[in-house]
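Chemist: My structure is stored as coords35.txt, with compact mmCIF, C-alpha atoms and all ligand atoms.
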# COMPACT_ATOMS: atom_id res chain seq x y z
CA MET A 1 -2.39 18.29 13.26
CA THR A 2 -3.32 21.58 11.63
CA MET A 3 -6.84 22.51 10.57
CA GLN A 4 -6.09 21.77 6.92
CA HIS A 5 -5.04 18.24 7.87
CA LEU A 6 -8.23 17.42 9.72
CA PRO A 7 -9.60 14.38 7.86
CA ARG A 8 -13.05 14.80 6.36
CA THR A 9 -15.43 12.23 7.80
CA ASP A 10 -19.00 13.36 7.04
CA ALA A 11 -21.15 11.29 4.70
CA THR A 12 -21.22 13.54 1.64
CA ALA A 13 -17.76 15.16 1.63
CA SER A 14 -14.87 13.85 -0.43
CA THR A 15 -12.09 11.89 1.20
CA VAL A 16 -8.58 12.02 -0.29
CA LEU A 17 -6.29 9.02 0.04
CA ALA A 18 -2.65 9.26 -1.06
CA HIS A 19 -0.79 6.19 -2.34
CA LEU A 20 2.94 5.73 -2.75
CA SER A 21 5.08 2.62 -2.91
CA ASP A 22 8.53 1.09 -3.20
CA PRO A 23 10.58 4.03 -1.87
CA HIS A 24 13.62 1.74 -1.39
CA LEU A 25 15.32 4.01 1.13
CA PRO A 26 19.15 4.14 0.87
CA LEU A 27 21.21 1.37 2.46
CA PRO A 28 23.15 2.24 5.61
CA ALA A 29 26.86 2.98 5.16
CA TRP A 30 27.98 -0.04 7.19
CA ILE A 31 26.46 -3.52 7.11
CA SER A 32 27.55 -6.38 9.34
CA PRO A 33 29.20 -9.11 7.23
CA ALA A 34 27.21 -11.69 9.21
CA ALA A 35 24.00 -10.23 7.79
CA LEU A 36 25.19 -10.95 4.27
CA LEU A 37 25.78 -14.70 4.55
CA ASN A 38 22.71 -15.43 2.44
CA LYS A 39 20.66 -14.07 -0.45
CA ARG A 40 21.33 -10.55 0.83
CA LEU A 41 24.83 -10.60 -0.67
CA LEU A 42 23.30 -10.66 -4.15
CA GLY A 43 20.99 -7.84 -3.10
CA LEU A 44 23.96 -5.82 -1.91
CA LEU A 45 25.76 -6.29 -5.23
CA SER A 46 22.62 -5.27 -7.06
CA TRP A 47 22.36 -2.15 -4.91
CA TYR A 48 25.88 -0.96 -5.70
CA THR A 49 25.82 -1.90 -9.41
CA LYS A 50 22.30 -0.72 -10.32
CA ARG A 51 19.79 0.18 -7.69
CA ARG A 52 21.63 2.94 -5.84
CA ALA A 53 21.53 5.08 -9.00
CA ARG A 54 17.86 4.30 -9.67
CA TYR A 55 16.29 5.05 -6.30
CA ARG A 56 17.29 8.51 -5.19
CA PRO A 57 16.66 9.99 -1.74
CA GLU A 58 16.42 13.54 -3.12
CA THR A 59 13.60 12.43 -5.46
CA LEU A 60 11.80 10.81 -2.55
CA GLN A 61 12.25 13.96 -0.47
CA ALA A 62 10.75 16.07 -3.27
CA LEU A 63 7.80 13.67 -3.43
CA VAL A 64 7.21 13.96 0.32
CA GLU A 65 7.32 17.75 0.16
CA ASP A 66 4.80 17.75 -2.70
CA LEU A 67 2.58 15.26 -0.89
CA LYS A 68 2.46 17.46 2.17
CA THR A 69 1.31 20.46 0.13
CA GLN A 70 -1.56 18.32 -1.23
CA ALA A 71 -2.67 17.58 2.36
CA PRO A 72 -4.44 14.24 1.78
CA ASP A 73 -6.64 12.92 4.56
CA TRP A 74 -4.93 9.55 4.68
CA ILE A 75 -1.66 8.17 3.28
CA THR A 76 -0.79 4.60 2.26
CA VAL A 77 2.60 3.03 1.43
CA THR A 78 2.40 -0.39 -0.23
CA GLY A 79 5.76 -1.87 0.72
CA ASP A 80 9.42 -2.17 -0.17
CA LEU A 81 10.62 0.59 2.09
CA THR A 82 13.89 -1.34 2.41
CA ASN A 83 16.23 -3.18 0.03
CA LEU A 84 17.63 -6.07 2.07
CA GLY A 85 15.24 -6.13 5.04
CA LEU A 86 18.09 -5.37 7.48
CA GLU A 87 17.23 -4.25 10.99
CA SER A 88 19.22 -1.05 10.40
CA GLU A 89 17.03 -0.39 7.35
CA TYR A 90 13.91 -0.99 9.43
CA ARG A 91 15.14 1.60 11.95
CA ALA A 92 15.96 4.14 9.23
CA ALA A 93 12.59 3.54 7.57
CA ARG A 94 10.87 4.15 10.92
CA ARG A 95 12.51 7.57 11.10
CA TRP A 96 11.29 8.28 7.57
CA LEU A 97 7.75 7.19 8.44
CA ASP A 98 7.76 9.37 11.56
CA GLN A 99 8.50 12.48 9.51
CA LEU A 100 5.97 11.57 6.81
CA ALA A 101 2.79 11.51 8.93
CA SER A 102 1.35 10.27 12.21
CA PRO A 103 0.44 6.57 12.46
CA GLU A 104 -3.21 7.62 12.63
CA ARG A 105 -3.00 9.04 9.09
CA LEU A 106 -0.42 6.69 7.58
CA MET A 107 -0.90 2.99 6.86
CA ILE A 108 1.67 0.64 5.34
CA VAL A 109 1.92 -2.98 4.21
CA PRO A 110 5.23 -4.84 3.68
CA GLY A 111 6.86 -5.81 0.37
CA ASN A 112 9.11 -8.63 -0.74
CA HIS A 113 12.30 -6.61 -0.11
CA ASP A 114 11.18 -6.09 3.50
CA ALA A 115 11.07 -9.91 3.76
CA SER A 116 14.25 -10.55 1.78
CA VAL A 117 15.31 -13.52 3.94
CA ARG A 118 13.30 -15.78 6.22
CA GLY A 119 12.26 -13.96 9.40
CA ALA A 120 13.32 -10.47 8.24
CA TRP A 121 9.80 -9.07 8.17
CA GLU A 122 8.70 -10.83 11.34
CA ARG A 123 11.71 -9.36 13.19
CA GLY A 124 11.49 -5.92 11.61
CA ALA A 125 7.73 -5.51 11.85
CA ALA A 126 7.86 -4.28 15.46
CA HIS A 127 9.73 -1.15 14.33
CA TRP A 128 6.84 -0.18 12.07
CA GLU A 129 3.93 -1.55 14.07
CA PRO A 130 2.08 1.73 14.71
CA PHE A 131 1.96 2.20 10.94
CA TRP A 132 0.67 -1.24 9.94
CA ARG A 133 -1.57 -2.28 12.79
CA GLY A 134 -5.33 -2.19 12.44
CA ASP A 135 -7.96 -0.72 14.72
CA GLU A 136 -8.04 -4.04 16.55
CA HIS A 137 -5.06 -6.23 17.22
CA PRO A 138 -4.67 -9.73 18.67
CA ALA A 139 -3.63 -8.85 22.22
CA GLN A 140 -2.35 -12.26 23.30
CA ALA A 141 0.01 -13.12 20.48
CA VAL A 142 3.71 -12.19 20.68
CA GLY A 143 6.71 -12.30 18.35
CA HIS A 144 6.31 -14.01 15.00
CA ASP A 145 2.74 -15.09 15.79
CA ARG A 146 1.78 -11.52 16.57
CA VAL A 147 2.81 -10.45 13.08
CA ALA A 148 1.53 -13.57 11.31
CA ASN A 149 -1.88 -13.31 12.96
CA ALA A 150 -2.27 -9.56 12.54
CA PHE A 151 -3.04 -9.52 8.80
CA PRO A 152 -5.30 -8.66 7.18
CA VAL A 153 -5.62 -5.46 9.17
CA LEU A 154 -8.62 -3.15 9.05
CA ARG A 155 -8.76 0.56 9.67
CA LYS A 156 -12.09 2.35 9.42
CA ARG A 157 -11.55 5.97 8.56
CA GLY A 158 -14.79 7.89 7.95
CA GLN A 159 -16.30 6.44 4.77
CA LEU A 160 -13.30 4.23 4.08
CA ALA A 161 -12.44 0.70 5.12
CA LEU A 162 -8.67 0.42 4.59
CA ILE A 163 -7.77 -3.27 4.52
CA GLY A 164 -4.08 -4.20 4.47
CA LEU A 165 -2.79 -7.58 3.33
CA SER A 166 0.74 -8.92 3.78
CA THR A 167 2.14 -10.62 0.68
CA ALA A 168 5.71 -10.40 1.99
CA ILE A 169 7.45 -13.76 1.94
CA ALA A 170 11.11 -14.70 1.55
CA SER A 171 11.66 -16.24 -1.87
CA PRO A 172 14.76 -17.90 -3.38
CA ALA A 173 17.38 -15.76 -5.13
CA GLY A 174 16.09 -14.56 -8.50
CA LEU A 175 12.45 -14.64 -7.43
CA ALA A 176 10.35 -11.82 -5.97
CA VAL A 177 7.06 -13.64 -5.50
CA GLY A 178 4.39 -12.92 -2.91
CA LYS A 179 1.72 -14.95 -1.16
CA VAL A 180 -1.42 -14.15 0.81
CA GLY A 181 -2.06 -17.59 2.32
CA GLU A 182 -5.20 -19.36 3.45
CA GLN A 183 -5.38 -17.75 6.90
CA GLN A 184 -5.43 -14.24 5.51
CA LEU A 185 -7.90 -15.18 2.78
CA ALA A 186 -10.34 -16.58 5.33
CA ARG A 187 -10.18 -13.46 7.50
CA LEU A 188 -10.35 -11.17 4.48
CA SER A 189 -13.60 -12.77 3.40
CA ARG A 190 -15.18 -11.86 6.73
CA LEU A 191 -13.80 -8.30 6.76
CA LEU A 192 -15.06 -7.57 3.25
CA GLY A 193 -18.52 -8.85 4.14
CA GLU A 194 -18.74 -6.81 7.35
CA THR A 195 -17.52 -3.57 5.80
CA ARG A 196 -19.83 -4.04 2.82
CA GLU A 197 -22.78 -4.27 5.23
CA GLN A 198 -21.61 -1.00 6.78
CA GLY A 199 -21.73 0.71 3.37
CA LEU A 200 -18.04 1.61 3.43
CA PHE A 201 -15.74 2.17 0.45
CA ARG A 202 -13.42 -0.83 0.73
CA VAL A 203 -9.80 -0.22 -0.28
CA LEU A 204 -7.52 -3.26 -0.38
CA LEU A 205 -3.78 -2.54 0.03
CA LEU A 206 -1.15 -5.07 -0.96
CA HIS A 207 2.37 -4.97 -2.37
CA HIS A 208 2.08 -7.44 -5.25
CA PRO A 209 -0.26 -6.83 -8.20
CA LEU A 210 -3.56 -8.69 -7.95
CA VAL A 211 -4.12 -9.45 -11.63
CA GLN A 212 -2.07 -12.23 -13.19
CA GLY A 213 0.22 -11.09 -15.99
CA THR A 214 0.65 -7.55 -14.59
CA VAL A 215 4.28 -8.39 -13.75
CA SER A 216 6.55 -11.23 -14.84
CA HIS A 217 6.12 -14.77 -13.56
CA ARG A 218 9.09 -14.50 -11.20
CA LYS A 219 7.49 -11.46 -9.50
CA ARG A 220 3.93 -12.78 -9.32
CA LEU A 221 1.50 -13.18 -6.47
CA ILE A 222 1.44 -16.96 -6.13
CA ASP A 223 -2.17 -17.16 -4.97
CA GLY A 224 -3.41 -14.17 -6.94
CA ALA A 225 -6.10 -16.25 -8.65
CA GLU A 226 -7.51 -17.30 -5.26
CA LEU A 227 -7.50 -13.71 -4.03
CA GLN A 228 -9.20 -12.50 -7.20
CA ALA A 229 -11.88 -15.18 -6.85
CA LEU A 230 -12.49 -14.12 -3.25
CA LEU A 231 -12.84 -10.47 -4.28
CA ALA A 232 -15.26 -11.46 -7.03
CA HIS A 233 -17.34 -13.22 -4.39
CA GLU A 234 -17.19 -10.64 -1.59
CA GLY A 235 -16.71 -7.38 -3.52
CA VAL A 236 -14.27 -4.51 -3.12
CA GLU A 237 -14.26 -0.92 -4.35
CA LEU A 238 -10.54 -0.29 -5.04
CA VAL A 239 -7.35 -2.39 -4.99
CA ILE A 240 -3.97 -0.59 -4.82
CA HIS A 241 -0.48 -2.04 -5.09
CA GLY A 242 3.17 -1.39 -5.96
CA HIS A 243 6.00 -3.83 -6.82
CA GLY A 244 6.07 -3.29 -10.61
CA HIS A 245 7.71 0.17 -10.35
CA VAL A 246 5.53 1.32 -13.25
CA SER A 247 1.92 2.52 -13.48
CA HIS A 248 -0.73 -0.16 -13.86
CA SER A 249 -4.47 0.22 -14.30
CA LYS A 250 -6.68 -2.86 -14.45
CA GLU A 251 -10.19 -3.82 -13.44
CA VAL A 252 -11.78 -6.86 -11.84
CA GLU A 253 -15.40 -7.96 -11.77
CA THR A 254 -17.02 -8.39 -8.37
CA ARG A 255 -20.50 -9.23 -7.07
CA ASP A 256 -21.04 -5.53 -6.43
CA GLY A 257 -19.69 -4.20 -9.75
CA ARG A 258 -16.34 -3.50 -11.37
CA ALA A 259 -13.40 -2.47 -9.18
CA PRO A 260 -10.23 -0.71 -10.37
CA VAL A 261 -6.85 -2.27 -9.57
CA ILE A 262 -4.21 0.46 -9.61
CA GLY A 263 -0.43 0.20 -9.34
CA VAL A 264 1.84 3.15 -8.61
CA PRO A 265 5.53 3.52 -9.65
CA SER A 266 8.39 3.64 -7.18
CA ALA A 267 8.37 6.79 -5.04
CA SER A 268 12.10 7.39 -5.57
CA SER A 269 12.83 6.17 -9.10
CA VAL A 270 14.76 8.15 -11.69
CA HIS A 271 14.94 5.06 -13.91
CA ASP A 272 12.35 3.82 -16.42
CA GLU A 273 9.12 5.44 -15.25
CA ARG A 274 9.89 8.45 -13.06
CA ALA A 275 8.78 8.58 -9.43
CA ALA A 276 5.10 9.27 -8.84
CA TYR A 277 2.34 8.99 -6.29
CA HIS A 278 -1.44 8.91 -6.59
CA LEU A 279 -4.24 10.84 -4.96
CA TYR A 280 -7.62 9.09 -4.84
CA ARG A 281 -10.51 11.49 -4.20
CA ILE A 282 -13.52 9.43 -3.15
CA THR A 283 -17.00 10.94 -3.09
CA ARG A 284 -20.27 9.21 -2.32
CA ASN A 285 -23.11 9.94 -4.77
CA MET A 286 -26.52 8.63 -5.82
CA ALA A 287 -25.02 5.76 -7.85
CA GLY A 288 -22.44 4.67 -5.30
CA TRP A 289 -19.12 6.47 -5.51
CA GLU A 290 -17.02 8.70 -7.73
CA LEU A 291 -13.29 7.95 -7.72
CA GLU A 292 -10.97 10.64 -9.11
CA VAL A 293 -7.41 9.40 -9.64
CA THR A 294 -4.65 12.01 -9.90
CA ALA A 295 -1.03 11.09 -10.65
CA ARG A 296 1.63 13.49 -9.34
CA ARG A 297 4.95 12.76 -11.04
CA ALA A 298 8.56 13.95 -10.79
CA ALA A 299 9.25 16.59 -13.44
CA ALA A 300 12.79 17.20 -14.68
CA PRO A 301 15.47 16.75 -11.98
CA GLY A 302 15.23 19.42 -9.30
CA GLN A 303 11.90 20.77 -10.58
CA GLY A 304 9.48 19.13 -8.19
CA PHE A 305 6.29 17.20 -8.94
CA GLU A 306 3.42 17.95 -11.32
CA THR A 307 0.02 16.47 -12.19
CA THR A 308 0.40 14.29 -15.27
CA THR A 309 -2.96 12.53 -15.40
CA ARG A 310 -6.36 12.98 -13.76
CA ARG A 311 -9.32 10.76 -14.49
CA SER A 312 -12.68 10.06 -12.98
CA LEU A 313 -14.04 6.56 -12.47
CA PRO A 314 -17.64 5.81 -11.46
CA ILE A 315 -17.83 3.03 -8.87
CA THR A 316 -21.47 1.98 -9.11
CA ARG A 317 -22.59 0.31 -5.90
CA ALA A 318 -26.12 -0.31 -4.64
CA HIS A 319 -24.93 -0.58 -1.03
CA GLY A 320 -22.89 2.62 -1.05
CA THR A 321 -25.37 5.17 -2.36
CA LEU A 322 -26.48 8.33 -0.64
CA GLU A 323 -30.02 7.04 -1.06
CA ALA A 324 -29.23 3.88 0.89
CA ASP A 325 -28.51 5.82 4.07
CA PRO A 326 -26.36 8.93 3.91
CA ARG A 327 -25.49 9.00 7.59
CA ARG A 328 -24.75 5.39 8.41
CA SER A 329 -20.99 5.57 7.92
CA ILE A 330 -20.54 8.63 10.10
CA ASN A 331 -18.31 7.77 13.04
CA ALA A 332 -17.99 4.24 11.71
FE FE B 401 8.59 -5.41 -4.66
Take the structure in this file and express it as structure tokens.
Ligand SMILES: [Fe+2]

Modeler:
Amino acid sequence: MTMQHLPRTDATASTVLAHLSDPHLPLPAWISPAALLNKRLLGLLSWYTKRRARYRPETLQALVEDLKTQAPDWITVTGDLTNLGLESEYRAARRWLDQLASPERLMIVPGNHDASVRGAWERGAAHWEPFWRGDEHPAQAVGHDRVANAFPVLRKRGQLALIGLSTAIASPAGLAVGKVGEQQLARLSRLLGETREQGLFRVLLLHHPLVQGTVSHRKRLIDGAELQALLAHEGVELVIHGHGHVSHSKEVETRDGRAPVIGVPSASSVHDERAAYHLYRITRNMAGWELEVTARRAAAPGQGFETTTRRSLPITRAHGTLEADPRRSINA
């Protein structure tokens, strides 16, 4: 890690969090026919008829190069690294993650494509574990239970509490739904309460959009209403997601004040909305927090990335102010 990549962790400095999603890395050249005796066959047809032209590795590479010049403190990827959830895709995606950033700086959650058929995510998760695990991890559990019991995960990074949810479930052909489930909701409630008490800026990462109606019914988060009710009750400062492959900007009301819900386009798309990623600059102030959102988007082909929007959002929070206790989150 070079000096310029040293994350900023003191109480008054800004922290910069990068967010990208849905890179849909290219399929391997050869796929075992046995792996296609299910819904994946439709996915394979879709890849060769449409998706291969939409999600371009050279666009993703240009995004990564631009991201590295921006030197964010932390990086998040909100799912759909793969297309069919094949083990060979999991291995290729691991190589991509390794060259993006260290597991300490890079946190991911899975998407519906990573769980394309039953068991795909649970089997593949081990390949990515350093990048999705939290600061604490259930030591006893193994295999499927180890993955199922791991989420939500929590990483405390300076002033931030990065909380990752898994919404990745296998759904029938034609559907791309997600689900959080009661177990995760119960644990999330506790994590949000604890990190609120610690005065941290709580960022919730998930693949599917939180707010109903953001994407079509067949792509929805099945228990989104329950999750939104929980967030209203426990509070959160920022919710980030992917899945829609276009930019989304919503808000939800919580006990602590309004919280933005922000979706980022696909990191490799040359179709519809061009590839983009976000930089969230988070600064504590006397009213709570200032959140500056910058979108870096692919310019014309071969011309790199450029800033297309930058906006500042006040996140008013009584428990997060400098006045409350400027030093309490240091070394949290
Ligand atoms: Fe998705």

Chemist: Please check which protein, DNA or RNA residues sit within 7 Å of ligand FE 401 (chain B), counting only C-alpha atoms and all ligand atoms, and write them as JSON, numbers by chain.

Modeler: {"A": [22, 80, 111, 112, 113, 176, 207, 208, 242, 243, 244]}

Chemist: Which residues of range 48-109 of chain A come within 12 Å of range 246-266 of chain A, and what is each one's closest atom pair and distance in Å (one decimal), counting all atoms listed in the file, sorted by chain and residue number, as CSV?

Modeler:
residue,atom,partner,partner_atom,distance
A:Arg51,CA,A:Ser266,CA,11.9
A:Arg54,CA,A:Ser266,CA,9.8
A:Tyr55,CA,A:Ser266,CA,8.1
A:Arg56,CA,A:Ser266,CA,10.3
A:Pro57,CA,A:Ser266,CA,11.8
A:Thr59,CA,A:Ser266,CA,10.4
A:Leu60,CA,A:Ser266,CA,9.2
A:Leu63,CA,A:Ser266,CA,10.7
A:Thr76,CA,A:Val264,CA,11.3
A:Val77,CA,A:Val264,CA,10.1
A:Thr78,CA,A:Val264,CA,9.1
A:Gly79,CA,A:Ser266,CA,10.0
A:Asp80,CA,A:Ser266,CA,9.2
A:Leu81,CA,A:Ser266,CA,10.0

Chemist: Hey, can you check how far CA of Glu323 in chain A sits from CA of Pro72 in chain A?

Modeler: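 Interatomic distance, CA of Glu323 in chain A to CA of Pro72 in chain A: 26.7 Å.
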
Chemist: Tell me which of A:Ile75, A:Val215, A:Ile163, A:Ala150 sits closest to Val203 in chain A, counting all atoms listed in the file.

Modeler: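 Selected residue with least distance to Val203 in chain A: A:Ile163.
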
Chemist: Report the distance between CA of Ser268 in chain A and CA of Ala62 in chain A in Å, rounded to one decimal place.

Modeler: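 For CA of Ser268 in chain A relative to CA of Ala62 in chain A, the distance reads 9.1 Å.
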
Chemist: Select, from A:Ala125, A:Ala13, A:Leu25, A:Leu84, the residue with the minimum atom-to-atom distance to Leu45 in chain A, counting all atoms listed in the file.

Modeler: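 Closest candidate: A:Leu84.
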
Chemist: May I have the protein, DNA and RNA residues with any atom at most 6 Å from the point (6.7, 9.7, -4.2), counting only C-alpha atoms, written as a list of chain:residue names?

Modeler: A:Leu20, A:Leu60, A:Leu63, A:Ala267, A:Ala275, A:Ala276, A:Tyr277

Chemist: Under the rule that only C-alpha atoms are counted, which of A:Leu206, A:Val64, A:Leu165, A:Ala126 is the nearest residue to Ala298 in chain A?

Modeler: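 Using only C-alpha atoms, the shortest distance to Ala298 in chain A belongs to A:Val64.
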
Chemist: Please, what distance in Å, to one decimal, runs between CA of Ser88 in chain A and CA of Asp114 in chain A?

Modeler: 11.7 Å

Chemist: With distances taken over all atoms listed in the file, which residue among A:Ala295, A:Ser171, A:Met107, A:Gly181 lies nearest Val153 in chain A?

Modeler: A:Met107

Chemist: I'd like the contact shell of Thr309 in chain A - 9 Å cut-off, all atoms listed in the file, skipping same-chain residues fewer than 3 positions apart - returned as a ChimeraX atom specification.

Modeler: /A:293-296

Chemist: Point out the residue among A:Ala161, A:Ser166, A:Arg155, A:Leu86 with the least atom-to-atom distance to Gly43 in chain A, counting only C-alpha atoms.

Modeler: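 Among the listed residues, A:Leu86 lies closest to Gly43 in chain A.
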
Chemist: From the list A:Glu292, A:Glu273, A:Glu237, A:Glu65, which residue is nearest Ile315 in chain A when using all atoms listed in the file?

Modeler: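 Of A:Glu292, A:Glu273, A:Glu237, A:Glu65, the one nearest Ile315 in chain A, counting all atoms listed in the file, is A:Glu237.
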
Chemist: Do you know which residues are at most 10 Å from Leu185 in chain A counting all atoms listed in the file, after dropping those on the same chain fewer than 2 positions away, and could you put them as number ranges by chain?

Modeler: A: 151-152, 165, 180-183, 187-191, 223, 226-227, 230-231

Chemist: With a distance cut-off of 10 Å and all atoms listed in the file, select the neighbouring residues of Ala115 in chain A, excluding the residue or stretch itself and same-chain residues fewer than 5 positions from it, and output the selection as a PyMOL selection string.

Modeler: chain A and resi 80+82-86+110+120-125+167-171+176+178

Chemist: Can you list, as a ChimeraX atom specification, every protein, DNA or RNA residue that comes within 8 Å of Trp289 in chain A when you count only C-alpha atoms, leaving out same-chain residues fewer than 3 positions away?

Modeler: /A:282-286,314-317,320-321
